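Data from work00.cif: mmCIF, C-alpha atoms
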```
data_query
#
loop_
_atom_site.label_atom_id
_atom_site.label_comp_id
_atom_site.auth_asym_id
_atom_site.auth_seq_id
_atom_site.Cartn_x
_atom_site.Cartn_y
_atom_site.Cartn_z
CA MET B 1067 11.72 30.34 -11.21
CA THR B 1068 9.77 27.11 -11.23
CA THR B 1069 6.08 26.62 -11.78
CA THR B 1070 3.88 23.72 -10.79
CA PRO B 1071 0.80 22.46 -12.63
CA SER B 1072 -2.30 23.91 -10.95
CA ASP B 1073 -4.29 20.67 -10.94
CA PRO B 1074 -3.98 19.21 -7.41
CA ALA B 1075 -3.82 15.69 -8.83
CA ARG B 1076 -1.21 16.61 -11.43
CA ARG B 1077 1.07 18.15 -8.79
CA ARG B 1078 1.27 14.71 -7.17
CA LEU B 1079 2.72 12.91 -10.18
CA ILE B 1080 6.52 12.60 -10.30
CA PHE B 1081 8.11 11.42 -13.52
CA ALA B 1082 11.27 9.36 -13.10
CA LEU B 1083 13.76 10.93 -15.49
CA ASP B 1084 15.93 7.81 -15.50
CA VAL B 1085 17.74 8.39 -18.76
CA GLY B 1086 21.47 8.49 -19.34
CA ASP B 1087 21.83 9.12 -23.08
CA GLY B 1088 22.63 12.80 -22.93
CA ILE B 1089 21.24 16.02 -21.53
CA ASP B 1090 19.37 16.87 -24.72
CA GLU B 1091 17.33 13.68 -24.51
CA ALA B 1092 16.59 14.25 -20.84
CA LEU B 1093 15.45 17.81 -21.48
CA SER B 1094 13.28 16.66 -24.38
CA TRP B 1095 11.33 14.58 -21.82
CA VAL B 1096 11.04 17.59 -19.54
CA ARG B 1097 9.62 19.73 -22.34
CA ARG B 1098 7.27 16.95 -23.41
CA LEU B 1099 5.90 16.31 -19.92
CA ARG B 1100 6.31 19.51 -17.87
CA ASP B 1101 2.63 20.42 -18.36
CA HIS B 1102 1.52 16.88 -17.52
CA VAL B 1103 3.43 16.07 -14.30
CA GLY B 1104 4.28 17.87 -11.07
CA LEU B 1105 7.98 17.07 -10.61
CA PHE B 1106 10.84 15.31 -12.33
CA LYS B 1107 12.84 12.74 -10.37
CA VAL B 1108 16.56 12.84 -11.03
CA GLY B 1109 18.07 9.60 -9.80
CA LYS B 1110 21.49 7.99 -9.74
CA GLU B 1111 21.53 7.10 -13.43
CA ALA B 1112 20.76 10.59 -14.72
CA PHE B 1113 22.79 12.42 -12.06
CA THR B 1114 25.88 10.25 -12.49
CA SER B 1115 25.73 10.62 -16.25
CA LEU B 1116 24.70 14.26 -16.54
CA GLY B 1117 25.74 15.81 -13.22
CA PRO B 1118 24.22 18.80 -11.39
CA GLU B 1119 23.72 20.54 -14.74
CA ILE B 1120 20.61 18.44 -15.39
CA VAL B 1121 18.99 19.82 -12.23
CA HIS B 1122 19.81 23.40 -13.21
CA ARG B 1123 18.48 22.87 -16.72
CA ILE B 1124 15.22 21.30 -15.52
CA ARG B 1125 14.62 24.28 -13.28
CA GLN B 1126 15.39 26.63 -16.15
CA GLU B 1127 12.59 24.87 -18.04
CA GLY B 1128 10.23 25.94 -15.24
CA ALA B 1129 9.90 22.51 -13.63
CA GLU B 1130 10.58 21.17 -10.15
CA VAL B 1131 13.00 18.41 -9.13
CA PHE B 1132 12.98 15.51 -6.71
CA LEU B 1133 16.65 14.57 -6.23
CA ASP B 1134 16.65 10.82 -5.65
CA LEU B 1135 20.23 10.01 -4.62
CA LYS B 1136 19.39 8.26 -1.32
CA PHE B 1137 22.24 9.74 0.72
CA HIS B 1138 23.64 7.20 3.19
CA ASP B 1139 26.91 7.96 4.95
CA ILE B 1140 28.27 9.35 8.20
CA PRO B 1141 26.11 12.21 9.56
CA ASN B 1142 28.51 15.03 8.69
CA THR B 1143 28.89 13.89 5.09
CA VAL B 1144 25.13 13.57 4.61
CA ALA B 1145 24.54 16.99 6.18
CA ARG B 1146 26.95 18.57 3.70
CA ALA B 1147 25.26 16.70 0.85
CA ALA B 1148 21.91 18.04 2.10
CA GLU B 1149 23.25 21.59 1.92
CA ALA B 1150 24.45 20.92 -1.62
CA ALA B 1151 20.96 19.69 -2.55
CA CYS B 1152 19.53 22.93 -1.16
CA GLY B 1153 21.98 24.85 -3.32
CA LEU B 1154 20.68 23.06 -6.40
CA GLY B 1155 17.20 24.36 -5.68
CA VAL B 1156 15.47 20.98 -5.55
CA SER B 1157 11.99 20.68 -4.07
CA MET B 1158 12.69 17.40 -2.30
CA PHE B 1159 15.53 14.94 -1.82
CA ASN B 1160 16.05 11.73 0.10
CA VAL B 1161 18.33 9.92 2.49
CA HIS B 1162 18.31 6.28 3.55
CA ALA B 1163 16.47 5.89 6.86
CA SER B 1164 18.73 2.95 7.68
CA GLY B 1165 21.54 5.47 8.07
CA GLY B 1166 20.14 6.13 11.54
CA ARG B 1167 18.48 8.82 13.61
CA ARG B 1168 21.50 11.10 13.92
CA MET B 1169 22.21 11.05 10.19
CA ILE B 1170 18.62 12.04 9.42
CA ALA B 1171 18.53 14.67 12.17
CA ASP B 1172 21.77 16.28 11.00
CA ALA B 1173 20.53 16.39 7.42
CA ALA B 1174 17.20 17.93 8.46
CA GLU B 1175 18.95 20.51 10.64
CA ALA B 1176 21.38 21.39 7.83
CA VAL B 1177 18.43 22.04 5.52
CA ARG B 1178 16.64 24.23 8.07
CA ARG B 1179 19.78 26.23 8.75
CA TRP B 1180 20.80 26.66 5.10
CA SER B 1181 17.31 27.72 4.02
CA GLY B 1182 16.71 29.93 7.04
CA GLU B 1183 19.92 31.88 6.50
CA ARG B 1184 18.86 32.63 2.93
CA GLY B 1185 15.16 33.16 3.54
CA GLU B 1186 14.22 30.36 1.17
CA ASP B 1187 11.65 27.60 1.43
CA PRO B 1188 13.44 24.38 2.45
CA PRO B 1189 13.19 21.26 0.34
CA VAL B 1190 11.33 18.31 1.82
CA VAL B 1191 13.73 15.80 3.38
CA LEU B 1192 12.47 12.28 2.71
CA ALA B 1193 13.76 9.09 4.30
CA VAL B 1194 13.74 5.90 2.24
CA THR B 1195 12.28 3.05 4.32
CA VAL B 1196 12.40 -0.30 2.46
CA LEU B 1197 13.06 -0.35 -1.27
CA THR B 1198 10.07 -1.51 -3.31
CA SER B 1199 12.31 -4.08 -4.99
CA LEU B 1200 12.65 -5.91 -1.63
CA ASP B 1201 10.20 -8.28 0.02
CA GLY B 1202 10.18 -10.14 3.32
CA LYS B 1203 12.49 -12.86 2.08
CA ASP B 1204 15.04 -10.29 0.95
CA LEU B 1205 14.98 -8.56 4.34
CA GLU B 1206 15.43 -11.88 6.13
CA GLU B 1207 18.42 -12.65 3.93
CA ILE B 1208 19.98 -9.28 4.83
CA GLY B 1209 19.43 -9.98 8.52
CA PHE B 1210 16.33 -7.96 9.42
CA SER B 1211 13.83 -9.95 11.44
CA LEU B 1212 10.91 -7.49 11.71
CA GLY B 1213 9.42 -8.22 8.31
CA VAL B 1214 8.57 -5.57 5.73
CA GLU B 1215 5.73 -3.78 7.56
CA GLY B 1216 7.48 -3.81 10.91
CA MET B 1217 10.70 -2.50 9.40
CA VAL B 1218 8.92 0.20 7.42
CA LEU B 1219 6.99 1.48 10.44
CA ARG B 1220 10.07 1.51 12.66
CA LEU B 1221 12.09 3.45 10.09
CA ALA B 1222 9.23 5.85 9.31
CA GLY B 1223 8.67 6.64 12.98
CA MET B 1224 12.37 7.18 13.56
CA ALA B 1225 12.60 9.45 10.52
CA ARG B 1226 9.65 11.55 11.67
CA ASP B 1227 11.11 11.91 15.16
CA ALA B 1228 14.48 12.89 13.68
CA GLY B 1229 12.93 15.74 11.70
CA ALA B 1230 12.36 14.30 8.24
CA GLY B 1231 9.36 15.71 6.43
CA GLY B 1232 8.29 12.37 5.03
CA VAL B 1233 9.29 9.03 3.62
CA VAL B 1234 9.64 7.09 0.42
CA ALA B 1235 7.77 3.81 0.84
CA SER B 1236 5.79 1.20 -1.02
CA PRO B 1237 2.09 1.99 -1.56
CA HIS B 1238 1.41 -1.21 0.41
CA ASP B 1239 2.70 0.60 3.49
CA ALA B 1240 1.08 4.00 2.94
CA ALA B 1241 -2.01 3.46 5.09
CA ALA B 1242 -0.03 2.14 8.05
CA ILE B 1243 2.49 5.00 7.81
CA ARG B 1244 -0.29 7.57 7.57
CA LYS B 1245 -1.93 6.17 10.70
CA ALA B 1246 1.35 6.04 12.62
CA CYS B 1247 2.92 9.33 11.49
CA GLY B 1248 -0.01 11.68 10.97
CA LYS B 1249 -1.70 13.58 8.16
CA ASP B 1250 1.09 16.11 7.55
CA PHE B 1251 3.84 13.52 7.03
CA VAL B 1252 4.66 13.32 3.31
CA ILE B 1253 4.49 9.89 1.71
CA VAL B 1254 6.07 9.36 -1.71
CA THR B 1255 5.41 6.01 -3.34
CA PRO B 1256 7.47 4.53 -6.19
CA GLY B 1257 6.68 1.18 -7.76
CA ILE B 1258 3.49 2.51 -9.39
CA ARG B 1259 2.17 0.43 -12.24
CA GLY B 1260 -0.88 0.57 -14.43
CA ALA B 1261 -2.94 -2.24 -15.92
CA ASP B 1262 -0.27 -3.16 -18.43
CA ALA B 1263 2.80 -5.14 -17.38
CA VAL B 1264 6.21 -3.55 -17.87
CA SER B 1265 8.86 -5.77 -19.43
CA GLY B 1266 11.70 -6.57 -17.05
CA ASP B 1267 9.86 -5.12 -14.06
CA ASP B 1268 11.85 -5.41 -10.81
CA GLN B 1269 9.20 -3.95 -8.51
CA LYS B 1270 7.88 -6.63 -6.16
CA ARG B 1271 5.42 -4.49 -4.22
CA ALA B 1272 3.63 -2.26 -6.74
CA TRP B 1273 0.13 -0.77 -6.95
CA SER B 1274 -1.77 1.51 -9.29
CA ALA B 1275 -1.69 5.28 -8.73
CA GLU B 1276 -5.34 5.26 -7.63
CA GLU B 1277 -4.72 2.56 -5.04
CA ALA B 1278 -1.62 4.28 -3.69
CA VAL B 1279 -3.27 7.69 -3.28
CA ARG B 1280 -6.43 6.21 -1.81
CA ALA B 1281 -4.25 4.44 0.75
CA GLY B 1282 -2.59 7.70 1.78
CA ALA B 1283 0.25 8.49 -0.65
CA ASP B 1284 0.86 12.19 -1.32
CA PHE B 1285 3.03 11.70 -4.42
CA VAL B 1286 3.50 8.80 -6.83
CA VAL B 1287 6.63 8.17 -8.88
CA VAL B 1288 6.17 6.71 -12.35
CA GLY B 1289 8.87 6.00 -14.90
CA ARG B 1290 8.68 3.17 -17.39
CA PRO B 1291 4.87 3.06 -17.79
CA ILE B 1292 5.02 6.66 -19.08
CA ARG B 1293 8.36 6.49 -20.86
CA LEU B 1294 7.50 3.31 -22.78
CA ALA B 1295 3.95 4.36 -23.66
CA ARG B 1296 3.02 5.05 -27.27
CA ASP B 1297 1.87 8.51 -26.16
CA PRO B 1298 3.75 9.42 -22.95
CA ALA B 1299 1.83 12.66 -22.33
CA ALA B 1300 -1.51 10.89 -22.67
CA GLU B 1301 -0.31 8.14 -20.31
CA ALA B 1302 0.72 10.77 -17.77
CA ASP B 1303 -2.74 12.32 -18.06
CA ARG B 1304 -4.31 8.91 -17.53
CA ILE B 1305 -2.29 8.43 -14.35
CA VAL B 1306 -3.25 11.93 -13.17
CA GLN B 1307 -6.88 10.90 -13.62
CA GLN B 1308 -6.20 7.83 -11.47
CA ILE B 1309 -4.64 10.06 -8.82
CA GLY B 1310 -7.75 12.25 -8.83
CA GLU B 1311 -9.95 9.20 -8.44
CA GLY B 1312 -7.82 8.06 -5.51
CA LEU B 1313 -8.14 11.45 -3.85
CA SER B 1314 -11.90 11.39 -4.19
CA LYS B 1315 -12.09 7.98 -2.51
CA ARG B 1316 -9.91 8.81 0.49
CA PRO B 1317 -11.60 8.57 3.89
CA ALA B 1318 -12.76 11.98 5.14
#
```

Just dump the structure as structure tokens.
Amino acid sequence: MTTTPSDPARRRLIFALDVGDGIDEALSWVRRLRDHVGLFKVGKEAFTSLGPEIVHRIRQEGAEVFLDLKFHDIPNTVARAAEAACGLGVSMFNVHASGGRRMIADAAEAVRRWSGERGEDPPVVLAVTVLTSLDGKDLEEIGFSLGVEGMVLRLAGMARDAGAGGVVASPHDAAAIRKACGKDFVIVTPGIRGADAVSGDDQKRAWSAEEAVRAGADFVVVGRPIRLARDPAAEADRIVQQIGEGLSKRPA
């Protein structure tokens, strides 16, 4: 059984557990931070290295998981992957919105059916819009002509209409998504940075946690700024404080 920190601001902080040096190291981060963050993000690096066992072990530690594997394949394959994510007991997982309306719809329907048959709360299905490592020039090079904001809003609207519960998007796009998709649509924002620069940073469109939440983000994902801090727990608490400040400054 998982538990979630009671502080509303703390529940919104997701720690990116992007480590691949063994399950013991990963779990040491979970134990160090489980009272300071709301969820742990298991991405491609950790999942490829450690497998589904890392998800099971995190949940055994009483923490919740955001499975960040960005499923992108034919609809049937993604639907089966969605069912597998449900079986792992994750709280949220994501697919690539660029996989199309039917892929998203089939994944969302698979989650509803799987959870309904077992009487369990379904995980939140998130659609990834435009990676925070990409900017307008990158999209143009790929062949997309709408620009970042236009592409994000098109993908977010399609994902909502297809049954996704929310999106993963840059904090720059949170306000526009909130306006277009409504107050109940979940917005998860990676690319969160504090005042200090992170060496080797590849995020091109990053904001602080306060800015992201004030703009409309429901959850913020933070990895290196916490992991590389001298006191990771204290840094997580500092970011939680920023989240609380962002919540207090949101428009009524």

Inset, instruction - Enumerate, as an NGL selection string, the protein, DNA and RNA residues whose atoms approach (9.7, 7.1, -15.4) to within 7 Å, taking into account all atoms listed in the file and the coordinate frame of the file. - result: :B and (1081-1084 or 1288-1293)

Given the file above and the PyMOL selection byres ((chain B and resi 1173-1175) around 6), which residues are selected, and can you give them as a PDB file with C-alpha atoms, in the coordinates of the input?
```pdb
ATOM      1  CA  ALA B1145      24.540  16.990   6.180  1.00  0.00           C
ATOM      2  CA  ALA B1148      21.910  18.040   2.100  1.00  0.00           C
ATOM      3  CA  ILE B1170      18.620  12.040   9.420  1.00  0.00           C
ATOM      4  CA  ALA B1171      18.530  14.670  12.170  1.00  0.00           C
ATOM      5  CA  ASP B1172      21.770  16.280  11.000  1.00  0.00           C
ATOM      6  CA  ALA B1176      21.380  21.390   7.830  1.00  0.00           C
ATOM      7  CA  VAL B1177      18.430  22.040   5.520  1.00  0.00           C
ATOM      8  CA  ARG B1178      16.640  24.230   8.070  1.00  0.00           C
ATOM      9  CA  GLY B1229      12.930  15.740  11.700  1.00  0.00           C
TER      10      GLY B1229
END
```

Inset, instruction - Can you work out which one of B:Pro1317, B:Ile1258, B:Val1190, B:Ala1300 has the shortest atom-to-atom distance to Arg1244 of chain B, counting all atoms listed in the file? - result: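 Checking each candidate against Arg1244 of chain B, we get B:Pro1317 as the closest.
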
Each segment 1155-1203 of chain B residue no farther than 10 Å from segment 1109-1127 of chain B, nearest pair in Å, all atoms listed in the file, as a tab-separated table:
```
residue	atom	partner	partner_atom	distance
B:Gly1155	CA	B:Arg1125	CA	8.0
B:Val1156	CA	B:Val1121	CA	7.6
B:Phe1159	CA	B:Gly1109	CA	9.9
```

Legend entry - Residue nearest Ala1147 of chain B among B:Gln1307, B:Ser1274, B:Ser1094, B:Asn1160 (counting all atoms listed in the file): B:Asn1160

Legend entry - Residues returned when the PyMOL selection byres ((chain B and resi 1165) around 9) runs on this file, as an MDAnalysis selection string: chainID B and resid 1137:1141 1161:1164 1166:1170

Legend entry - Among listed residues B:Ala1281, B:Val1085, B:Ile1080, B:Val1214, nearest Ala1240 of chain B (using only C-alpha atoms):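 The shortest atom-to-atom distance to Ala1240 of chain B comes from B:Ala1281.
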
Inset, instruction - Mind checking which residues fall within 8 Å of Arg1076 of chain B, counting all atoms listed in the file, ignoring those fewer than 5 positions away in the same chain, and posting them as a list in words? - result: Pro1071, His1102, Val1103, Gly1104, Val1306 and Ile1309 of chain B

Dump as an mmCIF file, keeping the file's coordinate frame, selection limited to C-alpha atoms:
```cif
data_model
loop_
_atom_site.group_PDB
_atom_site.id
_atom_site.type_symbol
_atom_site.label_atom_id
_atom_site.label_comp_id
_atom_site.auth_asym_id
_atom_site.auth_seq_id
_atom_site.Cartn_x
_atom_site.Cartn_y
_atom_site.Cartn_z
ATOM 1 C CA PRO B 1071 0.800 22.460 -12.630
ATOM 2 C CA HIS B 1102 1.520 16.880 -17.520
ATOM 3 C CA VAL B 1103 3.430 16.070 -14.300
ATOM 4 C CA GLY B 1104 4.280 17.870 -11.070
ATOM 5 C CA VAL B 1306 -3.250 11.930 -13.170
ATOM 6 C CA ILE B 1309 -4.640 10.060 -8.820
#
```

Legend entry - Computed interatomic separation between atom CA of Val1233 of chain B and atom CA of Cys1152 of chain B (Å):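 Between atom CA of Val1233 of chain B and atom CA of Cys1152 of chain B the gap works out to 17.9 Å.
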
Inset, instruction - List the residues selected by the PyMOL selection byres ((chain B and resi 1284) around 6) in the file shown, writing them as an NGL selection string. - result: :B and (1253-1254 or 1283 or 1285)

N, CA, C and O atoms for segment 1288-1305 of chain B, written as a short mmCIF file (atom, residue, chain, number, x, y, z; two decimals), in the coordinates of the input, could you do that?
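And here's part.cif as it stands now:
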```cif
data_model
loop_
_atom_site.label_atom_id
_atom_site.label_comp_id
_atom_site.auth_asym_id
_atom_site.auth_seq_id
_atom_site.Cartn_x
_atom_site.Cartn_y
_atom_site.Cartn_z
N VAL B 1288 6.41 7.59 -11.21
CA VAL B 1288 6.17 6.71 -12.35
C VAL B 1288 7.26 6.96 -13.38
O VAL B 1288 7.56 8.11 -13.71
N GLY B 1289 7.83 5.88 -13.88
CA GLY B 1289 8.87 6.00 -14.90
C GLY B 1289 8.51 5.26 -16.16
O GLY B 1289 7.95 5.82 -17.10
N ARG B 1290 8.83 3.95 -16.17
CA ARG B 1290 8.68 3.17 -17.39
C ARG B 1290 7.26 3.15 -17.98
O ARG B 1290 7.12 3.20 -19.22
N PRO B 1291 6.21 3.06 -17.17
CA PRO B 1291 4.87 3.06 -17.79
C PRO B 1291 4.59 4.30 -18.63
O PRO B 1291 3.86 4.22 -19.63
N ILE B 1292 5.16 5.46 -18.26
CA ILE B 1292 5.02 6.66 -19.08
C ILE B 1292 6.04 6.66 -20.20
O ILE B 1292 5.70 6.89 -21.37
N ARG B 1293 7.28 6.38 -19.87
CA ARG B 1293 8.36 6.49 -20.86
C ARG B 1293 8.18 5.51 -22.02
O ARG B 1293 8.53 5.83 -23.17
N LEU B 1294 7.65 4.32 -21.74
CA LEU B 1294 7.50 3.31 -22.78
C LEU B 1294 6.15 3.35 -23.48
O LEU B 1294 5.90 2.56 -24.38
N ALA B 1295 5.28 4.26 -23.06
CA ALA B 1295 3.95 4.36 -23.66
C ALA B 1295 4.04 4.90 -25.08
O ALA B 1295 4.95 5.65 -25.44
N ARG B 1296 3.06 4.53 -25.90
CA ARG B 1296 3.02 5.05 -27.27
C ARG B 1296 2.86 6.56 -27.26
O ARG B 1296 3.45 7.26 -28.09
N ASP B 1297 2.07 7.08 -26.31
CA ASP B 1297 1.87 8.51 -26.16
C ASP B 1297 2.15 8.86 -24.69
O ASP B 1297 1.25 8.79 -23.86
N PRO B 1298 3.39 9.20 -24.36
CA PRO B 1298 3.75 9.42 -22.95
C PRO B 1298 2.92 10.50 -22.26
O PRO B 1298 2.53 10.35 -21.10
N ALA B 1299 2.63 11.60 -22.94
CA ALA B 1299 1.83 12.66 -22.33
C ALA B 1299 0.43 12.17 -22.00
O ALA B 1299 -0.12 12.47 -20.93
N ALA B 1300 -0.16 11.42 -22.91
CA ALA B 1300 -1.51 10.89 -22.67
C ALA B 1300 -1.49 9.89 -21.52
O ALA B 1300 -2.43 9.83 -20.71
N GLU B 1301 -0.43 9.09 -21.43
CA GLU B 1301 -0.31 8.14 -20.31
C GLU B 1301 -0.17 8.87 -18.99
O GLU B 1301 -0.77 8.49 -17.98
N ALA B 1302 0.61 9.97 -18.99
CA ALA B 1302 0.72 10.77 -17.77
C ALA B 1302 -0.64 11.33 -17.38
O ALA B 1302 -1.02 11.31 -16.19
N ASP B 1303 -1.41 11.80 -18.35
CA ASP B 1303 -2.74 12.32 -18.06
C ASP B 1303 -3.65 11.23 -17.51
O ASP B 1303 -4.49 11.48 -16.63
N ARG B 1304 -3.50 10.03 -18.03
CA ARG B 1304 -4.31 8.91 -17.53
C ARG B 1304 -3.98 8.62 -16.08
O ARG B 1304 -4.87 8.37 -15.26
N ILE B 1305 -2.70 8.68 -15.73
CA ILE B 1305 -2.29 8.43 -14.35
C ILE B 1305 -2.76 9.57 -13.44
O ILE B 1305 -3.18 9.34 -12.30
#
```
